[in-house]
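The structure appears below as structure tokens.
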Amino acid sequence: MHIQEISPYEILDRITDAFFALDKEWKFTYVNKEATRLLLRKKEQFIGNCLWDEFPETIDLQLYHQFHKAVNEQVAVNFEHYSFPLKSWFEVRAYPSPNGLSVYFQDITDKKQFSSHREQHYKSLFENNPDAVYSLDLDGNYLSVNRATEQLLGYSAEEFLQMSYIPLIASEEIEKTMEYFSKATSGSTQHYETIALHKNGQAIAVKVTNMPIIVHNEIVGVYGIAKDISKEKRTEKMLLESEKLSAVGQLAASIAHEIRNPLTSIKGFLQLYKKSMKQINSEYLNIMSDELSRIEMITGELLVLAKPQAHHFHNERVEKILDDVVTLLSSQALMNNVEVKVHLEDLPQIKCIASQLKQVFINLIKNAIEAMPDGGEITIMAKKHTSTTIFIQFADQGSGISEELLAKIGTPFYTTKEKGTGLGMMTTLKIIHTHGGTMNISSTIGKGTIIDIYLPISI
Ligand code: ADP
Ligand code: MG
């Protein structure tokens, strides 16, 4: 068997790493093929030449210091080096030798680019995440926060890095939140809702995920993702409230309905009784009859709270309904020294429930009359507002409503009158809303009140 002899240099030529050897004067004594390929020079351009003359741009860079360290301290060094002229990253390992320095290196540009690409991906996911993303150490101190975290809580990244999460949690939530955090630090991801505090003191409902950060099989901290859910919470509450209200409305309406039937018969019989018992002191009967009328009025108003059925909406002329109501209330107005002035333009027909609009107009005109115990003027105006809406205004010269009371108007049973029900404005508002309209009240104490109503022509 013939064994081919290979020189050690040939071996070095065959290794995949680039390699060169330097003597004690930093002169190249050997360069392998891979090194000539990576450094884009021929062997002859290296041998005998000084490293620092051939690559002067490296003087004083890390490479320069590392090589000197290897030689001076007789230690192996390992580092990454970026070559500007070659636009490449190299991983370099250098070993001191009796003659000088042996240097192995590899082009890691692709690897670098790939990992920096990946890094950028992660960074973008972190930085541009619309949710607050942050990391905490095992004691709950912030290690990093993204922009959304800064926006959510109003602190800057620098401020966060000096803080723990605890002062940012509403006091009543701290215990629970700390428990979740500690579970995350022991390895299990947690999802929970809590209340965070903005720098300005505002409480913000947040949905949080806490998960352990695991490096080399060890938990070193906790990642957090927090989502602002205050808007959802608000809508949820509103929905619940409106659901409750409509349930109460339905209930009130059905009770009112049940009361009205026996009421009608009692009232009827009372009237008969009154007629036949003229000689008896009828004062009690009058009181009974008054009270019954009051019950009737309340139940009547409550009935309107029931959801109207779609088929009850018909095309109607609002000016006709308004006119009827004014006629109906004219004697009451006269009795109270109130003059009702009506300005009506030709209006398009609108889709509505006539009986309900009638109720609205009665409520508003009655309120206006009642607000002017010494008499005055009510001005009613109706006109086309846009091609799709009409505008109706009721203006009185009454006592007016204070700002404080204005906020309470429409709350059931809120009344300032001895014999009031406090249901008129609530039903009025409810009717306007079910007709797809809006109502505005503006009022000046001592001057009067203006009620503006906008109604869509068809809903
Ligand atoms: P009620 O008329 O039975 O008191 P409403 O719901 O109709 O109940 O009105 C609630 C309250 O709003 C009234 O008690 C009154 O204080 C105030 N209010 C309503 N309309 C007027 C108005 N045009 N001028 C002054 N106050 C008004
Ligand atoms: Mg009223």
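Chain identifiers are assigned as A, B, and so on, following the order in which chains appear in the structure tokens; residues are numbered from 1 within each chain, and ligands are numbered from 1 in order of appearance.
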Problem - At most 6 Å from ligand 2 (only C-alpha atoms and all ligand atoms): residue list as an NGL selection string - result: :A and (363 or 367 or 424)
Export of prior selection with C-alpha atoms as a compact mmCIF listing (two decimals), in the first residue's frame:
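Just written: again19.txt:
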```
# COMPACT_ATOMS: atom_id res chain seq x y z
CA ASN A 363 -96.13 66.27 27.44
CA ASN A 367 -94.75 71.13 30.84
CA GLY A 424 -93.30 62.77 30.97
```
Which residues are near segment 449-456 of chain A? Cut-off 8 Å, only C-alpha atoms, ignore same chain within fewer than 5 positions. Put them as a short mmCIF file (atom, residue, chain, number, x, y, z; two decimals) with all heavy atoms, in the first residue's frame.
```cif
data_model
loop_
_atom_site.label_atom_id
_atom_site.label_comp_id
_atom_site.auth_asym_id
_atom_site.auth_seq_id
_atom_site.Cartn_x
_atom_site.Cartn_y
_atom_site.Cartn_z
N ILE A 350 -94.29 61.98 7.67
CA ILE A 350 -93.20 61.19 8.25
C ILE A 350 -93.72 59.87 8.78
O ILE A 350 -94.89 59.76 9.17
CB ILE A 350 -92.41 61.95 9.36
CG1 ILE A 350 -93.23 62.05 10.64
CG2 ILE A 350 -91.97 63.32 8.89
CD1 ILE A 350 -92.34 62.37 11.82
N ALA A 368 -94.71 73.09 29.43
CA ALA A 368 -94.53 74.52 29.17
C ALA A 368 -95.60 75.33 29.91
O ALA A 368 -95.29 76.36 30.54
CB ALA A 368 -94.59 74.78 27.67
N HIS A 385 -86.18 70.34 7.80
CA HIS A 385 -84.82 70.70 8.18
C HIS A 385 -83.85 70.35 7.05
O HIS A 385 -83.20 71.22 6.49
CB HIS A 385 -84.44 69.97 9.47
CG HIS A 385 -83.03 70.22 9.92
ND1 HIS A 385 -82.56 71.47 10.20
CD2 HIS A 385 -82.00 69.36 10.12
CE1 HIS A 385 -81.28 71.39 10.57
NE2 HIS A 385 -80.93 70.12 10.52
N THR A 388 -84.07 64.85 4.61
CA THR A 388 -84.46 63.61 5.29
C THR A 388 -84.98 63.85 6.71
O THR A 388 -85.37 62.90 7.38
CB THR A 388 -83.26 62.64 5.39
OG1 THR A 388 -82.17 63.34 5.99
CG2 THR A 388 -82.84 62.13 4.02
N THR A 389 -84.94 65.09 7.19
CA THR A 389 -85.38 65.33 8.58
C THR A 389 -86.32 66.54 8.68
O THR A 389 -86.24 67.47 7.87
CB THR A 389 -84.20 65.62 9.52
OG1 THR A 389 -83.37 66.60 8.91
CG2 THR A 389 -83.40 64.39 9.85
N ILE A 390 -87.15 66.49 9.70
CA ILE A 390 -87.95 67.68 10.02
C ILE A 390 -87.54 68.18 11.40
O ILE A 390 -86.93 67.46 12.19
CB ILE A 390 -89.46 67.40 9.99
CG1 ILE A 390 -89.84 66.37 11.06
CG2 ILE A 390 -89.92 66.94 8.62
CD1 ILE A 390 -91.32 66.40 11.37
N PHE A 391 -87.88 69.45 11.65
CA PHE A 391 -87.46 70.11 12.88
C PHE A 391 -88.69 70.69 13.57
O PHE A 391 -89.51 71.34 12.92
CB PHE A 391 -86.47 71.22 12.51
CG PHE A 391 -86.11 72.13 13.65
CD1 PHE A 391 -85.35 71.67 14.72
CD2 PHE A 391 -86.52 73.46 13.65
CE1 PHE A 391 -85.02 72.51 15.76
CE2 PHE A 391 -86.18 74.31 14.70
CZ PHE A 391 -85.42 73.83 15.75
N ILE A 392 -88.84 70.38 14.86
CA ILE A 392 -89.97 70.94 15.61
C ILE A 392 -89.42 71.59 16.88
O ILE A 392 -88.57 71.00 17.55
CB ILE A 392 -90.98 69.84 16.03
CG1 ILE A 392 -91.34 68.96 14.82
CG2 ILE A 392 -92.24 70.46 16.62
CD1 ILE A 392 -92.04 67.69 15.20
N GLN A 393 -89.90 72.80 17.15
CA GLN A 393 -89.40 73.50 18.33
C GLN A 393 -90.53 73.98 19.23
O GLN A 393 -91.54 74.51 18.73
CB GLN A 393 -88.55 74.69 17.89
CG GLN A 393 -87.86 75.39 19.06
CD GLN A 393 -87.08 76.59 18.60
OE1 GLN A 393 -87.65 77.58 18.18
NE2 GLN A 393 -85.76 76.50 18.70
N PHE A 394 -90.34 73.78 20.52
CA PHE A 394 -91.28 74.30 21.53
C PHE A 394 -90.52 75.27 22.41
O PHE A 394 -89.57 74.88 23.08
CB PHE A 394 -91.83 73.17 22.41
CG PHE A 394 -92.62 72.15 21.64
CD1 PHE A 394 -91.99 71.11 20.97
CD2 PHE A 394 -94.01 72.21 21.60
CE1 PHE A 394 -92.73 70.18 20.25
CE2 PHE A 394 -94.75 71.28 20.90
CZ PHE A 394 -94.10 70.26 20.22
N ALA A 395 -90.96 76.54 22.42
CA ALA A 395 -90.27 77.53 23.26
C ALA A 395 -91.28 78.14 24.23
O ALA A 395 -92.39 78.49 23.82
CB ALA A 395 -89.64 78.61 22.39
N ASP A 396 -90.90 78.18 25.51
CA ASP A 396 -91.81 78.83 26.48
C ASP A 396 -91.10 79.96 27.19
O ASP A 396 -89.90 80.16 27.03
CB ASP A 396 -92.36 77.80 27.47
CG ASP A 396 -91.30 77.20 28.38
OD1 ASP A 396 -90.53 77.97 28.99
OD2 ASP A 396 -91.23 75.94 28.47
N GLN A 397 -91.87 80.72 27.96
CA GLN A 397 -91.28 81.84 28.71
C GLN A 397 -91.37 81.53 30.20
O GLN A 397 -91.62 82.40 31.01
CB GLN A 397 -92.04 83.12 28.39
CG GLN A 397 -91.99 83.47 26.92
CD GLN A 397 -92.92 84.61 26.55
OE1 GLN A 397 -93.97 84.79 27.20
NE2 GLN A 397 -92.56 85.38 25.54
N GLY A 398 -91.17 80.26 30.52
CA GLY A 398 -91.37 79.82 31.90
C GLY A 398 -90.16 79.99 32.80
O GLY A 398 -89.23 80.73 32.49
N SER A 399 -90.20 79.23 33.89
CA SER A 399 -89.20 79.38 34.94
C SER A 399 -87.80 78.95 34.50
O SER A 399 -86.81 79.35 35.09
CB SER A 399 -89.62 78.54 36.14
OG SER A 399 -89.94 77.23 35.67
N GLY A 400 -87.73 78.11 33.48
CA GLY A 400 -86.42 77.61 33.05
C GLY A 400 -85.96 76.46 33.93
O GLY A 400 -86.58 76.16 34.95
N ILE A 401 -84.89 75.82 33.51
CA ILE A 401 -84.38 74.65 34.24
C ILE A 401 -82.90 74.89 34.54
O ILE A 401 -82.13 75.26 33.65
CB ILE A 401 -84.50 73.37 33.37
CG1 ILE A 401 -85.93 73.22 32.84
CG2 ILE A 401 -84.10 72.14 34.16
CD1 ILE A 401 -86.06 72.22 31.71
N ILE A 432 -89.06 59.74 21.09
CA ILE A 432 -88.24 60.38 20.06
C ILE A 432 -87.15 59.41 19.59
O ILE A 432 -86.88 59.28 18.39
CB ILE A 432 -87.60 61.69 20.59
CG1 ILE A 432 -88.68 62.70 20.97
CG2 ILE A 432 -86.63 62.29 19.58
CD1 ILE A 432 -89.53 63.20 19.83
N HIS A 435 -88.32 56.71 17.37
CA HIS A 435 -88.60 57.25 16.04
C HIS A 435 -87.33 57.63 15.31
O HIS A 435 -87.38 58.27 14.26
CB HIS A 435 -89.54 58.46 16.14
CG HIS A 435 -90.98 58.07 16.34
ND1 HIS A 435 -91.46 57.58 17.52
CD2 HIS A 435 -92.03 58.08 15.48
CE1 HIS A 435 -92.75 57.31 17.40
NE2 HIS A 435 -93.12 57.59 16.16
N GLY A 436 -86.18 57.30 15.90
CA GLY A 436 -84.89 57.60 15.26
C GLY A 436 -84.51 59.07 15.31
O GLY A 436 -83.65 59.52 14.56
N GLY A 437 -85.15 59.81 16.22
CA GLY A 437 -84.88 61.24 16.28
C GLY A 437 -84.01 61.63 17.46
O GLY A 437 -83.55 60.78 18.21
N THR A 438 -83.76 62.95 17.57
CA THR A 438 -82.99 63.45 18.71
C THR A 438 -83.73 64.62 19.33
O THR A 438 -84.54 65.29 18.66
CB THR A 438 -81.59 63.94 18.30
OG1 THR A 438 -81.76 64.90 17.25
CG2 THR A 438 -80.71 62.82 17.82
N MET A 439 -83.45 64.87 20.60
CA MET A 439 -84.09 66.00 21.28
C MET A 439 -83.04 66.76 22.08
O MET A 439 -82.20 66.15 22.73
CB MET A 439 -85.18 65.47 22.22
CG MET A 439 -85.98 66.58 22.87
SD MET A 439 -87.41 65.92 23.72
CE MET A 439 -86.78 65.86 25.37
N ASN A 440 -83.12 68.08 22.00
CA ASN A 440 -82.19 68.94 22.74
C ASN A 440 -82.97 69.88 23.63
O ASN A 440 -83.96 70.46 23.19
CB ASN A 440 -81.43 69.83 21.75
CG ASN A 440 -80.18 69.15 21.29
OD1 ASN A 440 -79.54 68.46 22.08
ND2 ASN A 440 -79.87 69.33 20.01
N ILE A 441 -82.51 70.06 24.85
CA ILE A 441 -83.18 71.03 25.72
C ILE A 441 -82.18 72.13 26.01
O ILE A 441 -81.05 71.85 26.43
CB ILE A 441 -83.59 70.38 27.06
CG1 ILE A 441 -84.37 69.09 26.81
CG2 ILE A 441 -84.40 71.37 27.90
CD1 ILE A 441 -84.68 68.31 28.07
N SER A 442 -82.58 73.38 25.76
CA SER A 442 -81.73 74.47 26.23
C SER A 442 -82.61 75.39 27.05
O SER A 442 -83.77 75.63 26.70
CB SER A 442 -81.06 75.20 25.07
OG SER A 442 -82.03 75.56 24.12
N SER A 443 -82.08 75.85 28.14
CA SER A 443 -82.94 76.55 29.08
C SER A 443 -82.18 77.65 29.81
O SER A 443 -81.00 77.50 30.10
CB SER A 443 -83.50 75.55 30.09
OG SER A 443 -84.50 76.16 30.85
N THR A 444 -82.85 78.76 30.06
CA THR A 444 -82.26 79.83 30.86
C THR A 444 -83.19 80.11 32.02
O THR A 444 -84.38 80.33 31.81
CB THR A 444 -82.11 81.12 30.02
OG1 THR A 444 -81.64 80.75 28.73
CG2 THR A 444 -81.16 82.10 30.66
#
```
Exercise for the section: May I ask which of the residues A:Met372, A:Ile219, A:Met288, A:Ile457 is the closest one to ligand 1, counting only C-alpha atoms and all ligand atoms? Expected result: A:Met372
Handout entry: Those in segment 157-301 of chain A with strand (DSSP E) from DSSP, as a ChimeraX atom specification
Key = /A:190-197,203-215,218-228
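Going from atom CA of Lys233 of chain A over to atom CA of Glu172 of chain A, you cover 17.8 Å.
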Problem - Option closest in space to Arg317 of chain A, from A:Glu173, A:Asp346, A:Asp228, A:Glu301 [counting only C-alpha atoms] - result: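 Looking only at the distances to Arg317 of chain A, the closest residue turns out to be A:Asp346.
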Neighbouring residues of Ala256 of chain A were defined as those with any atom within 8 Å, considering only C-alpha atoms; residues of the same chain fewer than 5 positions away were excluded. Please report them as a PDB file with N, CA, C and O atoms, in the first residue's frame.
```pdb
ATOM      1  N   THR A 299    -100.111  54.910  34.647  1.00  0.00           N
ATOM      2  CA  THR A 299    -100.084  53.671  33.862  1.00  0.00           C
ATOM      3  C   THR A 299    -100.060  53.985  32.377  1.00  0.00           C
ATOM      4  O   THR A 299     -99.407  53.309  31.600  1.00  0.00           O
ATOM      5  N   GLY A 300    -100.739  55.050  32.008  1.00  0.00           N
ATOM      6  CA  GLY A 300    -100.753  55.458  30.600  1.00  0.00           C
ATOM      7  C   GLY A 300     -99.349  55.784  30.115  1.00  0.00           C
ATOM      8  O   GLY A 300     -98.933  55.374  29.025  1.00  0.00           O
ATOM      9  N   LEU A 302     -96.525  54.782  31.496  1.00  0.00           N
ATOM     10  CA  LEU A 302     -95.669  53.584  31.552  1.00  0.00           C
ATOM     11  C   LEU A 302     -95.883  52.673  30.350  1.00  0.00           C
ATOM     12  O   LEU A 302     -94.949  52.043  29.867  1.00  0.00           O
ATOM     13  N   LEU A 303     -97.114  52.662  29.873  1.00  0.00           N
ATOM     14  CA  LEU A 303     -97.431  51.790  28.740  1.00  0.00           C
ATOM     15  C   LEU A 303     -96.588  52.107  27.508  1.00  0.00           C
ATOM     16  O   LEU A 303     -96.255  51.234  26.716  1.00  0.00           O
TER      17      LEU A 303
END
```
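Within 10 Å of Val31 of chain A, once only C-alpha atoms are used and residues closer than 2 positions along the same chain are dropped, the contacting residues are Tyr9, Leu12, Asp13, Ala18, Phe19, Phe20, Ala21, Leu22, Phe28, Thr29, Lys33, Glu34, Ala35, Thr36, Lys42, Lys43, Glu44, Gln45, Phe46, Ile47 and Val103 of chain A.
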Exercise for the section: Quote the spacing between atom CA of Lys430 of chain A and atom CA of Gln356 of chain A in Å to one decimal place. Expected result: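 About the pair atom CA of Lys430 of chain A and atom CA of Gln356 of chain A: they are 10.0 Å apart.
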Practice task
Could you find all residues in segment 317-394 of chain A that DSSP calls helix (DSSP H, G or I) from the backbone, and write them as JSON, numbers by chain?
Solution key: {"A": [318, 319, 320, 321, 322, 323, 324, 325, 326, 327, 328, 329, 330, 331, 332, 333, 334, 335, 354, 355, 356, 357, 358, 359, 360, 361, 362, 363, 364, 365, 366, 367, 368, 369, 370]}
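Take the candidates A:Ile108, A:Gly221, A:Thr149, A:Asp60 and check each one against Asp137 of chain A using only C-alpha atoms; the shortest distance goes to A:Gly221.
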Practice task
Fewer than 4 positions away in the same chain doesn't count, so skip those; otherwise give me all residues within 8 Å of segment 260-273 of chain A, counting only C-alpha atoms, as a VMD selection string.
Solution key: chain A and resid 256 277 285 289 292 296 299
Written file, previous selection with N, CA and C atoms, as a compact mmCIF listing (two decimals), in the first residue's frame:
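Listed below is the output, selection24.txt:
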```txt
# COMPACT_ATOMS: atom_id res chain seq x y z
N ALA A 256 -98.58 47.92 33.94
CA ALA A 256 -99.50 49.03 33.69
C ALA A 256 -100.74 48.52 32.95
N MET A 277 -125.63 58.61 44.53
CA MET A 277 -125.52 58.94 45.95
C MET A 277 -125.24 60.42 46.16
N LEU A 285 -115.50 60.80 47.59
CA LEU A 285 -115.62 60.22 46.25
C LEU A 285 -114.76 60.99 45.26
N SER A 289 -111.78 59.56 43.07
CA SER A 289 -111.81 59.70 41.62
C SER A 289 -110.53 60.38 41.12
N LEU A 292 -107.70 57.93 41.30
CA LEU A 292 -107.81 56.96 40.21
C LEU A 292 -107.31 57.57 38.90
N GLU A 296 -104.34 56.26 36.56
CA GLU A 296 -104.58 56.07 35.13
C GLU A 296 -103.50 56.78 34.30
N THR A 299 -100.11 54.91 34.65
CA THR A 299 -100.08 53.67 33.86
C THR A 299 -100.06 53.98 32.38
```
Practice task
Within 9 Å of segment 57-59 of chain A, counting only C-alpha atoms, which residues show up once you throw out same-chain ones fewer than 4 positions away? Write them as an MDAnalysis selection string, please.
Solution key: chainID A and resid 52 63:65 83:85
Show me, as an mmCIF file with C-alpha atoms, in the first residue's frame, the residues that have an atom within 8 Å of segment 142-148 of chain A when counting only C-alpha atoms, minus same-chain residues fewer than 6 positions from it.
```cif
data_model
loop_
_atom_site.group_PDB
_atom_site.id
_atom_site.type_symbol
_atom_site.label_atom_id
_atom_site.label_comp_id
_atom_site.auth_asym_id
_atom_site.auth_seq_id
_atom_site.Cartn_x
_atom_site.Cartn_y
_atom_site.Cartn_z
ATOM 1 C CA PHE A 126 -42.352 44.121 19.712
ATOM 2 C CA GLU A 127 -41.988 47.765 18.774
ATOM 3 C CA ASN A 128 -44.958 48.102 16.447
ATOM 4 C CA ASN A 129 -47.319 45.919 18.385
ATOM 5 C CA PRO A 130 -50.577 47.799 18.999
ATOM 6 C CA ASP A 131 -50.784 46.114 22.402
ATOM 7 C CA ALA A 132 -48.524 47.071 25.248
ATOM 8 C CA VAL A 133 -45.649 44.562 25.259
ATOM 9 C CA TYR A 134 -43.004 44.603 27.992
ATOM 10 C CA SER A 135 -40.584 42.413 29.883
ATOM 11 C CA LEU A 136 -40.032 42.262 33.613
ATOM 12 C CA ALA A 157 -39.504 54.084 28.509
ATOM 13 C CA PHE A 160 -40.493 52.458 33.193
ATOM 14 C CA LEU A 161 -36.966 51.097 33.474
ATOM 15 C CA GLN A 162 -36.780 52.559 36.988
ATOM 16 C CA MET A 163 -40.087 51.064 38.088
ATOM 17 C CA SER A 164 -41.777 47.836 39.025
ATOM 18 C CA TYR A 165 -45.272 47.049 37.819
#
```
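Taking atom CA of His198 of chain A and atom CA of Asn210 of chain A as the two end points, the separation is 19.4 Å.
Nearest residue to ligand 1, choosing from A:Thr209, A:Ser330, A:Thr434, A:Thr411 and counting only C-alpha atoms and all ligand atoms: A:Thr411.
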Problem - Pick from A:Leu423, A:Ile204, A:Ile369, A:Ile166 nearest to ligand 1, counting only C-alpha atoms and all ligand atoms - result: A:Leu423
Handout entry: Using only C-alpha atoms and all ligand atoms: which of A:Glu150, A:Glu377, A:Asp323, A:Glu370 has the shortest distance to ligand 1
Key = A:Glu370
